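**Student:** Here it is, the structure in full.
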Amino acid sequence: MDIKLITHEEAKEIIDTRQPIGLFYEIDGDWYVGIDNSTGDAWVEEFKTKEECFAWLKREEYIEIDEKEIYKQALEKWGHTSQVIMVFEEMAELQKELTKFLRGNWIGDNIAEEIADCEIMLDQMKLLFDIEELVDMNKKYKLKRLAERVKYD
Ligand SMILES: [Mg+2]
């Protein structure tokens, strides 16, 4: 469900009439006010940040983690060489779990864990080589190409 930014007047209207159904937020000074009217109950809650507000609306657990900061610290603490080696290790672990899948003896939880490990290491590599934007650009281009291939091949 999309989260729609609304005015204070619209917010009052939704709280009074419980219509329309949906997820909304308004900005009230320094506060982000979330209005969860997905069930017609118009739950209202105030937050200091948009992230917290959205997490609440989407019923996600909000954990304040600065991923980049943690990656930076990991690269500083263990060094670039060690973190590059970790990429190989995590990729090998994922490879092993996927091999188990091919042998018909796989565990989804383990594959998920190794994908998470790989993503964490790949994010560190983006930071290490300062190529985040380039990766995004490549991804967009390749996705577009892939979209065309699945259509016409
Ligand atoms: Mg692992």
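If you're wondering about the labels, chains in the structure tokens are A, B, ... by order shown, residues count from 1 in each chain, ligands from 1 in order shown.
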For Ile35 (chain A), find every residue with an atom within 8 Å (counting only C-alpha atoms), except residues of its own chain fewer than 4 positions away, and show them as a tab-separated table (two decimals) with C-alpha atoms, in the first residue's frame.
**Tutor:**
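Result went into selection_29.tsv, see below:
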```
chain	number	residue	atom	x	y	z
A	11	ALA	CA	-5.74	14.58	7.75
A	23	LEU	CA	-1.88	4.98	4.59
A	24	PHE	CA	-1.15	8.69	4.96
A	25	TYR	CA	1.21	11.12	6.58
A	42	ALA	CA	-7.57	5.98	11.50
A	43	TRP	CA	-4.76	5.20	13.91
A	44	VAL	CA	-2.61	8.30	14.41
A	45	GLU	CA	0.95	8.49	15.67
A	57	LEU	CA	2.81	2.71	8.75
```
**Student:** Residues within 9 Å of ligand 1 should be enumerated using only C-alpha atoms and all ligand atoms and returned as a ChimeraX atom specification.
**Tutor:** /A:86,89-94,110,113-118
**Student:** Store the residues picked out above in a file with N, CA, C and O atoms, as a PDB file, in the first residue's frame.
**Tutor:**
```
ATOM      1  N   MET A  86      36.702 -11.651   2.608  1.00  0.00           N
ATOM      2  CA  MET A  86      35.372 -12.000   3.129  1.00  0.00           C
ATOM      3  C   MET A  86      34.331 -12.099   2.018  1.00  0.00           C
ATOM      4  O   MET A  86      33.402 -12.891   2.104  1.00  0.00           O
ATOM      5  N   GLU A  89      34.755 -15.471   0.655  1.00  0.00           N
ATOM      6  CA  GLU A  89      34.236 -16.461   1.607  1.00  0.00           C
ATOM      7  C   GLU A  89      32.715 -16.533   1.576  1.00  0.00           C
ATOM      8  O   GLU A  89      32.141 -17.627   1.515  1.00  0.00           O
ATOM      9  N   GLU A  90      32.090 -15.362   1.629  1.00  0.00           N
ATOM     10  CA  GLU A  90      30.627 -15.355   1.667  1.00  0.00           C
ATOM     11  C   GLU A  90      30.033 -15.859   0.353  1.00  0.00           C
ATOM     12  O   GLU A  90      29.018 -16.552   0.350  1.00  0.00           O
ATOM     13  N   MET A  91      30.683 -15.524  -0.753  1.00  0.00           N
ATOM     14  CA  MET A  91      30.198 -16.021  -2.040  1.00  0.00           C
ATOM     15  C   MET A  91      30.331 -17.534  -2.106  1.00  0.00           C
ATOM     16  O   MET A  91      29.440 -18.222  -2.626  1.00  0.00           O
ATOM     17  N   ALA A  92      31.424 -18.054  -1.559  1.00  0.00           N
ATOM     18  CA  ALA A  92      31.632 -19.503  -1.548  1.00  0.00           C
ATOM     19  C   ALA A  92      30.565 -20.184  -0.691  1.00  0.00           C
ATOM     20  O   ALA A  92      30.062 -21.258  -1.037  1.00  0.00           O
ATOM     21  N   GLU A  93      30.217 -19.533   0.425  1.00  0.00           N
ATOM     22  CA  GLU A  93      29.190 -20.111   1.304  1.00  0.00           C
ATOM     23  C   GLU A  93      27.833 -20.138   0.610  1.00  0.00           C
ATOM     24  O   GLU A  93      27.086 -21.110   0.720  1.00  0.00           O
ATOM     25  N   LEU A  94      27.531 -19.086  -0.126  1.00  0.00           N
ATOM     26  CA  LEU A  94      26.276 -19.055  -0.878  1.00  0.00           C
ATOM     27  C   LEU A  94      26.293 -20.131  -1.962  1.00  0.00           C
ATOM     28  O   LEU A  94      25.318 -20.851  -2.184  1.00  0.00           O
ATOM     29  N   ASN A 110      19.078 -21.193   5.165  1.00  0.00           N
ATOM     30  CA  ASN A 110      20.527 -21.088   4.947  1.00  0.00           C
ATOM     31  C   ASN A 110      20.844 -20.265   3.704  1.00  0.00           C
ATOM     32  O   ASN A 110      21.785 -19.470   3.702  1.00  0.00           O
ATOM     33  N   GLU A 113      20.343 -16.670   4.602  1.00  0.00           N
ATOM     34  CA  GLU A 113      21.443 -16.168   5.421  1.00  0.00           C
ATOM     35  C   GLU A 113      22.655 -15.826   4.558  1.00  0.00           C
ATOM     36  O   GLU A 113      23.272 -14.766   4.720  1.00  0.00           O
ATOM     37  N   GLU A 114      22.966 -16.705   3.617  1.00  0.00           N
ATOM     38  CA  GLU A 114      24.156 -16.474   2.790  1.00  0.00           C
ATOM     39  C   GLU A 114      23.941 -15.343   1.777  1.00  0.00           C
ATOM     40  O   GLU A 114      24.879 -14.610   1.461  1.00  0.00           O
ATOM     41  N   ILE A 115      22.706 -15.193   1.314  1.00  0.00           N
ATOM     42  CA  ILE A 115      22.421 -14.049   0.437  1.00  0.00           C
ATOM     43  C   ILE A 115      22.614 -12.753   1.236  1.00  0.00           C
ATOM     44  O   ILE A 115      23.222 -11.791   0.757  1.00  0.00           O
ATOM     45  N   ALA A 116      22.118 -12.739   2.473  1.00  0.00           N
ATOM     46  CA  ALA A 116      22.283 -11.553   3.329  1.00  0.00           C
ATOM     47  C   ALA A 116      23.764 -11.256   3.545  1.00  0.00           C
ATOM     48  O   ALA A 116      24.200 -10.099   3.437  1.00  0.00           O
ATOM     49  N   ASP A 117      24.555 -12.293   3.836  1.00  0.00           N
ATOM     50  CA  ASP A 117      26.002 -12.108   4.027  1.00  0.00           C
ATOM     51  C   ASP A 117      26.632 -11.505   2.772  1.00  0.00           C
ATOM     52  O   ASP A 117      27.447 -10.585   2.849  1.00  0.00           O
ATOM     53  N   CYS A 118      26.266 -12.056   1.619  1.00  0.00           N
ATOM     54  CA  CYS A 118      26.830 -11.562   0.353  1.00  0.00           C
ATOM     55  C   CYS A 118      26.442 -10.098   0.136  1.00  0.00           C
ATOM     56  O   CYS A 118      27.284  -9.287  -0.259  1.00  0.00           O
TER      57      CYS A 118
END
```
**Student:** Show me, as a list of chain:residue names, the residues that have an atom within 9 Å of Met1 (chain A) when counting only C-alpha atoms, minus same-chain residues fewer than 3 positions from it.
**Tutor:**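 So, after excluding close chain neighbours, the residues are A:Gly22, A:Leu23, A:Ser38, A:Lys58.
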**Student:** Just checking: using only C-alpha atoms, which residue out of A:Gln124, A:Met137, A:Pro20, A:Lys151 ends up closest to Glu76 (chain A)?
**Tutor:**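 Among the listed residues, A:Gln124 lies closest to Glu76 (chain A).
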**Student:** Apply DSSP to the structure's backbone, then extract all residues of chain A labelled strand (DSSP E or B) and return them as a PyMOL selection string.
**Tutor:** chain A and resi 3-5+22-28+31-37+43-47
**Student:** Excluding same-chain residues fewer than 6 positions from Glu9 (chain A), what lies within 12 Å of it counting only C-alpha atoms, as a list in words?
**Tutor:**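 The contact residues come out as Ile15, Asp16, Tyr25, Glu26, Ile27 and Asp28 of chain A.
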**Student:** Taking only C-alpha atoms into account, name the residue in A:Ala74, A:Ala112, A:Ala55, A:Ile14 that is nearest to Leu128 (chain A).
**Tutor:** A:Ala74
**Student:** Please identify which residues in chain A DSSP calls alpha helix (DSSP H) from the backbone, and express them as a PyMOL selection string.
**Tutor:** chain A and resi 8-17+50-57+67-78+80-102+108-128+132-152
**Student:** Those same residues, written as an mmCIF file, in the first residue's frame with C-alpha atoms?
**Tutor:**
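Once everything was written out, this is again.cif:
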```cif
data_model
loop_
_atom_site.group_PDB
_atom_site.id
_atom_site.type_symbol
_atom_site.label_atom_id
_atom_site.label_comp_id
_atom_site.auth_asym_id
_atom_site.auth_seq_id
_atom_site.Cartn_x
_atom_site.Cartn_y
_atom_site.Cartn_z
ATOM 1 C CA HIS A 8 -3.447 18.982 7.691
ATOM 2 C CA GLU A 9 -7.003 19.606 6.468
ATOM 3 C CA GLU A 10 -7.084 16.293 4.638
ATOM 4 C CA ALA A 11 -5.739 14.576 7.751
ATOM 5 C CA LYS A 12 -8.538 16.030 9.883
ATOM 6 C CA GLU A 13 -11.059 14.909 7.272
ATOM 7 C CA ILE A 14 -9.725 11.334 7.261
ATOM 8 C CA ILE A 15 -9.705 11.153 11.059
ATOM 9 C CA ASP A 16 -13.303 12.455 11.185
ATOM 10 C CA THR A 17 -14.806 10.477 8.326
ATOM 11 C CA LYS A 50 10.008 10.192 8.189
ATOM 12 C CA GLU A 51 11.771 6.803 8.355
ATOM 13 C CA GLU A 52 10.214 5.989 11.726
ATOM 14 C CA CYS A 53 6.825 7.182 10.528
ATOM 15 C CA PHE A 54 6.988 5.023 7.380
ATOM 16 C CA ALA A 55 8.227 2.019 9.336
ATOM 17 C CA TRP A 56 5.236 2.337 11.659
ATOM 18 C CA LEU A 57 2.814 2.708 8.752
ATOM 19 C CA GLU A 67 24.606 0.845 7.374
ATOM 20 C CA LYS A 68 27.289 2.927 5.707
ATOM 21 C CA GLU A 69 28.812 3.888 9.029
ATOM 22 C CA ILE A 70 28.991 0.241 10.094
ATOM 23 C CA TYR A 71 30.573 -0.755 6.776
ATOM 24 C CA LYS A 72 33.082 2.054 7.081
ATOM 25 C CA GLN A 73 33.999 0.880 10.562
ATOM 26 C CA ALA A 74 34.328 -2.729 9.369
ATOM 27 C CA LEU A 75 36.642 -1.651 6.544
ATOM 28 C CA GLU A 76 38.735 0.370 9.001
ATOM 29 C CA LYS A 77 38.824 -2.311 11.676
ATOM 30 C CA TRP A 78 39.723 -5.328 9.547
ATOM 31 C CA HIS A 80 40.544 -3.704 2.862
ATOM 32 C CA THR A 81 42.344 -6.981 2.087
ATOM 33 C CA SER A 82 40.492 -8.853 4.791
ATOM 34 C CA GLN A 83 37.133 -7.530 3.641
ATOM 35 C CA VAL A 84 37.831 -8.488 0.026
ATOM 36 C CA ILE A 85 38.678 -11.997 1.240
ATOM 37 C CA MET A 86 35.372 -12.000 3.129
ATOM 38 C CA VAL A 87 33.580 -11.376 -0.174
ATOM 39 C CA PHE A 88 35.143 -14.570 -1.550
ATOM 40 C CA GLU A 89 34.236 -16.461 1.607
ATOM 41 C CA GLU A 90 30.627 -15.355 1.667
ATOM 42 C CA MET A 91 30.198 -16.021 -2.040
ATOM 43 C CA ALA A 92 31.632 -19.503 -1.548
ATOM 44 C CA GLU A 93 29.190 -20.111 1.304
ATOM 45 C CA LEU A 94 26.276 -19.055 -0.878
ATOM 46 C CA GLN A 95 27.620 -21.235 -3.655
ATOM 47 C CA LYS A 96 27.689 -24.184 -1.256
ATOM 48 C CA GLU A 97 24.053 -23.631 -0.208
ATOM 49 C CA LEU A 98 22.985 -23.345 -3.852
ATOM 50 C CA THR A 99 24.858 -26.531 -4.672
ATOM 51 C CA LYS A 100 22.817 -28.254 -1.983
ATOM 52 C CA PHE A 101 19.725 -27.022 -3.784
ATOM 53 C CA LEU A 102 20.921 -28.662 -6.996
ATOM 54 C CA GLY A 108 15.738 -21.906 2.511
ATOM 55 C CA ASP A 109 16.901 -20.323 5.773
ATOM 56 C CA ASN A 110 20.527 -21.088 4.947
ATOM 57 C CA ILE A 111 20.247 -19.663 1.438
ATOM 58 C CA ALA A 112 18.646 -16.529 2.878
ATOM 59 C CA GLU A 113 21.443 -16.168 5.421
ATOM 60 C CA GLU A 114 24.156 -16.474 2.790
ATOM 61 C CA ILE A 115 22.421 -14.049 0.437
ATOM 62 C CA ALA A 116 22.283 -11.553 3.329
ATOM 63 C CA ASP A 117 26.002 -12.108 4.027
ATOM 64 C CA CYS A 118 26.830 -11.562 0.353
ATOM 65 C CA GLU A 119 24.740 -8.392 0.166
ATOM 66 C CA ILE A 120 26.477 -7.001 3.230
ATOM 67 C CA MET A 121 29.874 -7.721 1.706
ATOM 68 C CA LEU A 122 28.893 -6.312 -1.695
ATOM 69 C CA ASP A 123 27.687 -3.121 -0.023
ATOM 70 C CA GLN A 124 31.068 -2.838 1.641
ATOM 71 C CA MET A 125 32.777 -3.231 -1.725
ATOM 72 C CA LYS A 126 30.672 -0.409 -3.178
ATOM 73 C CA LEU A 127 31.869 1.789 -0.360
ATOM 74 C CA LEU A 128 35.477 0.632 -0.579
ATOM 75 C CA GLU A 132 27.708 3.118 -5.439
ATOM 76 C CA GLU A 133 26.304 5.328 -8.192
ATOM 77 C CA LEU A 134 28.129 3.409 -10.898
ATOM 78 C CA VAL A 135 26.692 0.158 -9.615
ATOM 79 C CA ASP A 136 23.205 1.674 -9.688
ATOM 80 C CA MET A 137 23.731 2.906 -13.239
ATOM 81 C CA ASN A 138 24.963 -0.496 -14.377
ATOM 82 C CA LYS A 139 22.097 -2.203 -12.656
ATOM 83 C CA LYS A 140 19.518 0.030 -14.325
ATOM 84 C CA TYR A 141 21.080 -0.488 -17.735
ATOM 85 C CA LYS A 142 21.365 -4.243 -17.320
ATOM 86 C CA LEU A 143 17.842 -4.554 -15.960
ATOM 87 C CA LYS A 144 16.528 -2.694 -18.955
ATOM 88 C CA ARG A 145 18.435 -5.015 -21.279
ATOM 89 C CA LEU A 146 17.188 -8.035 -19.364
ATOM 90 C CA ALA A 147 13.610 -6.791 -19.596
ATOM 91 C CA GLU A 148 13.942 -6.631 -23.358
ATOM 92 C CA ARG A 149 15.481 -10.091 -23.540
ATOM 93 C CA VAL A 150 12.759 -11.757 -21.531
ATOM 94 C CA LYS A 151 10.235 -10.170 -23.867
ATOM 95 C CA TYR A 152 11.760 -11.123 -27.224
#
```
**Student:** To one decimal in Å, tell me the separation between CA of Glu60 (chain A) and CA of Gln19 (chain A).
**Tutor:**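 Taking CA of Glu60 (chain A) and CA of Gln19 (chain A), their separation equals 23.7 Å.
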**Student:** Between CA of Val33 (chain A) and CA of Glu46 (chain A), what distance in Å does the model show, to one decimal?
**Tutor:** 4.4 Å
**Student:** Mind pulling up the distance from CA of Phe47 (chain A) to CA of Gly34 (chain A)?
**Tutor:**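 Going from CA of Gly34 (chain A) over to CA of Phe47 (chain A) covers 7.6 Å.
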